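**Student:** Quick one: structure below, then a few questions.
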Amino acid sequence: MKKIILPFIIFSNFILSAQTINEQWVKDNYTKKEYTIVMRDGVKLFTSVYAPKDATINSATASASSTTPQEKHPFLLMRTPYSCAPYGENKIQPRLYEFHWKEFLKEGYIFVFQDVRGRWMSEGTFMDVRPFNPNKKKKTDIDEASDTYDAVDWLVKNIPNNNGNVGVFGTSYPGFYSTMAALSGHPAIKAVSPQAPVTEWFKGDDFHHNGAFMLNDAFNFYSGFGQPRPKPTTIEPKEFSYYTKDNYKFYLETGALSNFSKLMGDSILFWKDLMNHPNYDAWWQERDARIGCKNIKPAMLTVGGLFDAEDCYGAWHLYEAIEKQSPTTNNKIVMGPWSHGGWSKGDGSFLGNARFGSKTSKYFQENIELPFFNYYLKGKGSIDKLAEATIFFTGENAWKSLDTWPPKGISLTPIYFNNHNQLSFDKPKTDTGFSFYTSDPSKPVPYTEDVLTNRTREYMTDDQRFASRRTDVITFKTTVLENDLTLAGTLTADLKVAISTTDADFVVKIIDVFPDGYVYDTLVDGKGNGKPYLMDGYEMLVRGEIMRGRYRNSFEKPEAFEPNKLTTVKFDLPDIAHTFKKGHRLMIQVQSSWFPLADRNPQQFIDIYHCTDKDFIKSDITLYHDATNASSVILPILKR
C-alpha cells in the first residue's frame, strides 16, 4: 500500500477508512492461501484463508510515529455447503469487498472459508443437518462440531501471526454450522453469530411449518443442491429447467408430491428422506440443532429477520433454547426488519412496499456486529450498551433495547372473531356465530397476487387485498384503533372449527391495515427523492403461518378429523415485533391453502407424500365464533 505523507501526525487507519476497498485492495493487503485440513478420521476439508500482509495492515492500525510490534490477528470463520469459491489463490471472494465484511478487513481479521464435509472441494460424505453427537468416543465419531473443532485447532497452530481467538458466523445453512461451532467446545472459539440459522426443519425453518411441507422452497432448493457429487469438484450442479415462468401454474399442474418425486429422480437422497419421514419421528428429532445447547462457552449473537421468507423461526428458537439450556452463556439476539440475510446486503430501509425509516442494516453492521467481534476477538472497544435483545419494531419503526425476550410487561390477550367479520377484545355473546368457506385444492389460495418465476422474499410484507376478495378466505378486522397497539412475542391461533373431510390445513395471517389516503413521504424503492408513495388502504402482511391440521395434538402422532365434529386447532405463529399505529386497523385472515409456499393438503387423512392427483378433494370449513366456541388469536400485547 502506498504510504501517504502529511504535514502533521495522523492515524493511518483513518487514511485506510477513506480508501475504496475493492478486489485490488484485497490483493494488495491480503494473501490468499488454500489448504486441505485433515479431520480426526482422515477426511480432508478444503479451506481458503485470507491473511493480512502484516506490513501494510499493521501500518493501517498504528499511528504514523508508532513502533508497536507486529500485530496478531483474530480469525473469522465461515463453514459452508455453498462453496468457498472462487478457487485458486489468485482469485478473491467478491463478498469480502462487496459486503460490509470490508470493515473486518480494515481491522485486520483473518478470513477463513471452508467447504463442509462432502461438498464442493472437500472430501467425505455430505449429510444434511448432520445430527450433533455429544458422546464421541472414537475417531470415526464425527459431526459438524468435531469438524469445526479440528479445523480451528489446525488454524490456530498453523496460520502465522494469529492471536488465538476465533469468531464464527454464517447465514442460513452456515448459521447451522455456526451453532455447531458453539457446541464444539474448542477454547479458541470466543464469539459465534448464527444468523438465520437452520434450527429445526419440521416445526419451523425452511422445509416444514407446523408439519406442512414448504413445497416451493424445498423443490427449488433440492433439485439443484441435492444432486450427488461423486468426487470433489468446483463445477456447479445444473439447475432444474422449469417449463413456465409462472410458478403457481407449474406447481399446480405438476400436482401431487409423488409427481415431484418423479421429477427429482432417484439420486437426490434428502428428498427421499423428506418423502419417507412424514411425521416428527426420531429421524427428525435428532436433527434439531437445539439438542446440544448446554454449557456453551463462546459469547453468542443470534441474528434474524422479522420478514425472513425462508426462516422466520430459527433465530427466535435458537436464542430461546440457549437461554433455557445454557443460562450462564452470554447470549444476545438481534432481530431487524430484514429478509433472509438482509442485514448483510442493502441498507435495510425497505422491503417490498414497506418502509422502515432508517438504514437498519447499516445500523446493525456498525453498532452491533463489528463491535461484538472486535470486543471478544481483539479486546477492542466496549459492548456495555449491547442489550440482551435488540429488536426493531416495525410500524413505529424504532429499535428497542430490551432486558429479556419476550420483553417484560407482556399481556397475553385473546382477540376474538365475531359476527359481521369483526375482531374484538370482547368475547362473542351470541349463541350462534360462525363463518364458512370451501377449500378447493384445484384452486388453492395463492400467497401473492403477482405472477412470479421464483418465490419472492417481499411477500412477507405484501398487500393482502387480493386475498380479502376471495370467497375461500375469511377476513376479520377491528374498528379504527384509537391508540397504538404493540405486539411483542409469540402469537397463538386458537381456532374452533369443523371440517367435512378428515384433514385440512389452516393459515392465519396478521395484517396491518393502513388508513385511507395514507402516503409514505419517499419512494418505496429506497431512492428517497421525496415523492409521495401511496399506501391507501394497504393491507400489509405482518405475520403469517400455516398448520397441518392432522398435527393439532401431536407432531409425532397425527390424527384424522372426525367429519363435521367441532375440533380445536391451536398453534403458534413466529414471534412478532410490530406496532399497529393509531388510525390503523388490525386484520386477521383465515384460509386453508397458501400456494405454492406450502403443498396442497388432499384434505384426506392419507399419506400426502405418496398420494396421487385423484386423492385431492374439496373440504367445507366452518370457523365458530359464538359464546361457547369462541375462536381467537392470543396477542402478546406490550403494555406502555
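Ligands are numbered from 1 in the order shown, chains are lettered A, B, ... in the order of the C-alpha cells, and residues start at 1 in each chain.
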Excluding same-chain residues fewer than 3 positions from stretch 577-579 of chain A, what lies within 9 Å of it counting only C-alpha atoms, as a CSV table (one decimal) with all heavy atoms, in the first residue's frame?
**Tutor:**
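So the final result, stored in out.csv, reads:
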```csv
chain,number,residue,atom,x,y,z
A,306,LEU,N,-37.2,-10.2,10.7
A,306,LEU,CA,-38.6,-10.2,11.0
A,306,LEU,C,-39.4,-10.7,9.8
A,306,LEU,O,-40.6,-11.2,10.0
A,306,LEU,CB,-39.1,-8.9,11.5
A,306,LEU,CG,-38.6,-8.3,12.8
A,306,LEU,CD1,-38.9,-6.9,13.0
A,306,LEU,CD2,-39.1,-9.2,14.0
A,335,MET,N,-33.0,-8.8,16.1
A,335,MET,CA,-34.0,-9.1,15.0
A,335,MET,C,-34.3,-7.7,14.4
A,335,MET,O,-34.7,-6.8,15.1
A,335,MET,CB,-35.2,-9.7,15.6
A,335,MET,CG,-35.0,-11.1,16.2
A,335,MET,SD,-34.6,-12.4,15.0
A,335,MET,CE,-36.1,-12.5,14.1
A,391,ILE,N,-34.2,-5.3,19.2
A,391,ILE,CA,-35.3,-5.7,18.4
A,391,ILE,C,-35.9,-4.4,17.7
A,391,ILE,O,-36.1,-3.4,18.3
A,391,ILE,CB,-36.5,-6.4,19.1
A,391,ILE,CG1,-35.9,-7.5,20.1
A,391,ILE,CG2,-37.5,-6.9,18.2
A,391,ILE,CD1,-35.3,-8.7,19.3
A,392,PHE,N,-36.0,-4.5,16.4
A,392,PHE,CA,-36.7,-3.4,15.6
A,392,PHE,C,-38.2,-3.7,15.6
A,392,PHE,O,-38.6,-4.7,15.1
A,392,PHE,CB,-36.1,-3.4,14.2
A,392,PHE,CG,-36.5,-2.1,13.4
A,392,PHE,CD1,-35.8,-1.0,13.5
A,392,PHE,CD2,-37.6,-2.2,12.6
A,392,PHE,CE1,-36.1,0.2,12.8
A,392,PHE,CE2,-38.0,-1.0,11.9
A,392,PHE,CZ,-37.3,0.1,12.0
A,393,PHE,N,-38.9,-2.7,16.0
A,393,PHE,CA,-40.4,-2.8,16.0
A,393,PHE,C,-40.9,-2.0,14.7
A,393,PHE,O,-40.7,-0.8,14.6
A,393,PHE,CB,-41.0,-2.2,17.2
A,393,PHE,CG,-40.9,-3.1,18.4
A,393,PHE,CD1,-39.7,-3.4,19.0
A,393,PHE,CD2,-42.1,-3.7,18.9
A,393,PHE,CE1,-39.7,-4.3,20.1
A,393,PHE,CE2,-42.1,-4.6,20.0
A,393,PHE,CZ,-40.9,-4.9,20.6
A,394,THR,N,-41.4,-2.8,13.8
A,394,THR,CA,-42.0,-2.2,12.6
A,394,THR,C,-43.3,-1.5,13.0
A,394,THR,O,-43.8,-1.7,14.1
A,394,THR,CB,-42.2,-3.3,11.5
A,394,THR,OG1,-43.0,-4.4,12.1
A,394,THR,CG2,-40.9,-3.8,11.0
A,395,GLY,N,-43.8,-0.7,12.1
A,395,GLY,CA,-45.0,0.1,12.4
A,395,GLY,C,-44.6,1.4,13.0
A,395,GLY,O,-44.7,2.4,12.4
A,396,GLU,N,-43.9,1.3,14.2
A,396,GLU,CA,-43.4,2.6,14.8
A,396,GLU,C,-42.0,2.8,14.3
A,396,GLU,O,-41.4,3.9,14.5
A,396,GLU,CB,-43.4,2.5,16.3
A,396,GLU,CG,-42.5,1.4,16.9
A,396,GLU,CD,-42.7,1.4,18.4
A,396,GLU,OE1,-42.0,2.2,19.1
A,396,GLU,OE2,-43.4,0.5,18.9
A,397,ASN,N,-41.4,1.8,13.6
A,397,ASN,CA,-40.0,1.9,13.0
A,397,ASN,C,-39.0,2.4,14.0
A,397,ASN,O,-38.4,3.5,13.8
A,397,ASN,CB,-40.1,2.8,11.8
A,397,ASN,CG,-40.8,2.1,10.6
A,397,ASN,OD1,-41.0,0.9,10.6
A,397,ASN,ND2,-41.2,2.9,9.7
A,484,ASP,N,-52.1,3.4,19.8
A,484,ASP,CA,-51.2,2.4,19.3
A,484,ASP,C,-51.3,1.1,20.0
A,484,ASP,O,-51.6,1.0,21.2
A,484,ASP,CB,-49.7,2.9,19.5
A,484,ASP,CG,-49.4,4.1,18.7
A,484,ASP,OD1,-50.2,4.5,17.8
A,484,ASP,OD2,-48.3,4.6,18.8
A,485,LEU,N,-51.1,0.0,19.3
A,485,LEU,CA,-51.2,-1.4,19.8
A,485,LEU,C,-49.9,-2.1,19.4
A,485,LEU,O,-49.6,-2.3,18.3
A,485,LEU,CB,-52.4,-2.1,19.2
A,485,LEU,CG,-52.5,-3.6,19.6
A,485,LEU,CD1,-52.8,-3.8,21.1
A,485,LEU,CD2,-53.6,-4.3,18.7
A,486,THR,N,-49.1,-2.4,20.4
A,486,THR,CA,-47.8,-3.0,20.2
A,486,THR,C,-47.8,-4.5,20.6
A,486,THR,O,-48.2,-4.8,21.7
A,486,THR,CB,-46.6,-2.3,21.0
A,486,THR,OG1,-46.6,-0.9,20.5
A,486,THR,CG2,-45.3,-2.9,20.8
A,487,LEU,N,-47.4,-5.3,19.7
A,487,LEU,CA,-47.3,-6.8,19.9
A,487,LEU,C,-45.8,-7.2,20.0
A,487,LEU,O,-45.0,-6.8,19.1
A,487,LEU,CB,-48.0,-7.6,18.9
A,487,LEU,CG,-49.5,-7.2,18.6
A,487,LEU,CD1,-50.1,-8.1,17.6
A,487,LEU,CD2,-50.3,-7.2,19.9
A,488,ALA,N,-45.5,-8.0,21.0
A,488,ALA,CA,-44.1,-8.4,21.2
A,488,ALA,C,-44.0,-9.8,21.8
A,488,ALA,O,-44.1,-10.0,23.0
A,488,ALA,CB,-43.3,-7.4,22.1
A,489,GLY,N,-43.8,-10.8,20.9
A,489,GLY,CA,-43.7,-12.2,21.4
A,489,GLY,C,-44.4,-13.1,20.5
A,489,GLY,O,-44.8,-12.8,19.3
A,512,ASP,N,-51.7,-5.5,9.0
A,512,ASP,CA,-51.8,-4.1,9.4
A,512,ASP,C,-52.5,-3.3,8.3
A,512,ASP,O,-52.0,-3.2,7.2
A,512,ASP,CB,-50.4,-3.5,9.7
A,512,ASP,CG,-50.5,-2.1,10.3
A,512,ASP,OD1,-51.5,-1.4,10.1
A,512,ASP,OD2,-49.5,-1.7,10.9
A,542,VAL,N,-48.0,-8.8,8.2
A,542,VAL,CA,-47.0,-8.6,9.3
A,542,VAL,C,-46.5,-10.0,9.7
A,542,VAL,O,-45.3,-10.2,10.0
A,542,VAL,CB,-47.6,-7.9,10.5
A,542,VAL,CG1,-46.6,-7.8,11.6
A,542,VAL,CG2,-48.0,-6.5,10.0
```
**Student:** Taking 2 positions as the minimum chain separation for residues in the same chain, which residues sit within 12 Å of stretch 371-386 of chain A when counting only C-alpha atoms? Answer as a PyMOL selection string.
**Tutor:** chain A and resi 71-77+101+103-110+162-169+188-193+298-302+330-334+363-369+388-391+400-403
**Student:** Please identify all polymer residues within 10 Å of A:Tyr313, counting only C-alpha atoms, omitting same-chain residues fewer than 3 positions from it, and present them as a list in words.
**Tutor:**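 The filter keeps Ala196, Pro197, Val198, Thr199, Glu200, Trp201, Lys203, Gly204, Asp205, Asp206, His209, Gly304, Gly305, Leu306, Asp308, Ala309, Glu310, Trp316, His317, Leu318, Leu573, Pro574 and Asp575 of chain A.
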**Student:** Return as a tab-separated table the residues of stretch 193-284 of chain A lying at most 12 Å from stretch 595-602 of chain A, together with the closest atom-to-atom pair for each and the distance in Å to one decimal, counting only C-alpha atoms, with rows in chain order and ascending residue number.
**Tutor:**
```
residue	atom	partner	partner_atom	distance
A:Asp206	CA	A:Leu597	CA	10.4
A:Phe207	CA	A:Ala598	CA	9.0
A:His208	CA	A:Ala598	CA	8.2
A:His209	CA	A:Ala598	CA	8.5
A:Asn210	CA	A:Ala598	CA	10.9
A:Gly211	CA	A:Ala598	CA	10.1
A:Ala212	CA	A:Ala598	CA	6.4
A:Phe213	CA	A:Ala598	CA	5.5
A:Met214	CA	A:Ala598	CA	4.2
A:Leu215	CA	A:Ala598	CA	5.1
A:Asn216	CA	A:Leu597	CA	5.2
A:Asp217	CA	A:Leu597	CA	7.2
A:Ala218	CA	A:Leu597	CA	9.4
A:Phe219	CA	A:Asp599	CA	10.5
A:Asn220	CA	A:Leu597	CA	11.1
A:Asp246	CA	A:Pro596	CA	10.9
A:Asn247	CA	A:Pro596	CA	7.6
A:Tyr248	CA	A:Pro596	CA	6.1
A:Lys249	CA	A:Pro596	CA	9.2
A:Phe250	CA	A:Pro596	CA	9.2
A:Tyr251	CA	A:Pro596	CA	6.5
A:Leu252	CA	A:Pro596	CA	7.8
A:Glu253	CA	A:Pro596	CA	11.2
A:Thr254	CA	A:Pro596	CA	11.3
A:Gly255	CA	A:Arg600	CA	8.8
A:Ala256	CA	A:Arg600	CA	7.9
A:Leu257	CA	A:Asp599	CA	7.8
A:Ser258	CA	A:Asp599	CA	11.5
A:Phe260	CA	A:Asp599	CA	10.8
```
**Student:** Enumerate, as JSON, numbers by chain, the complete set of residues in stretch 201-312 of chain A that a backbone-based DSSP assignment places in helix (DSSP H, G or I).
**Tutor:** {"A": [215, 216, 217, 218, 219, 220, 221, 222, 223, 224, 225, 247, 248, 249, 250, 251, 252, 253, 254, 257, 258, 259, 260, 261, 262, 263, 264, 269, 270, 271, 272, 273, 274, 275, 276, 282, 283, 284, 285]}
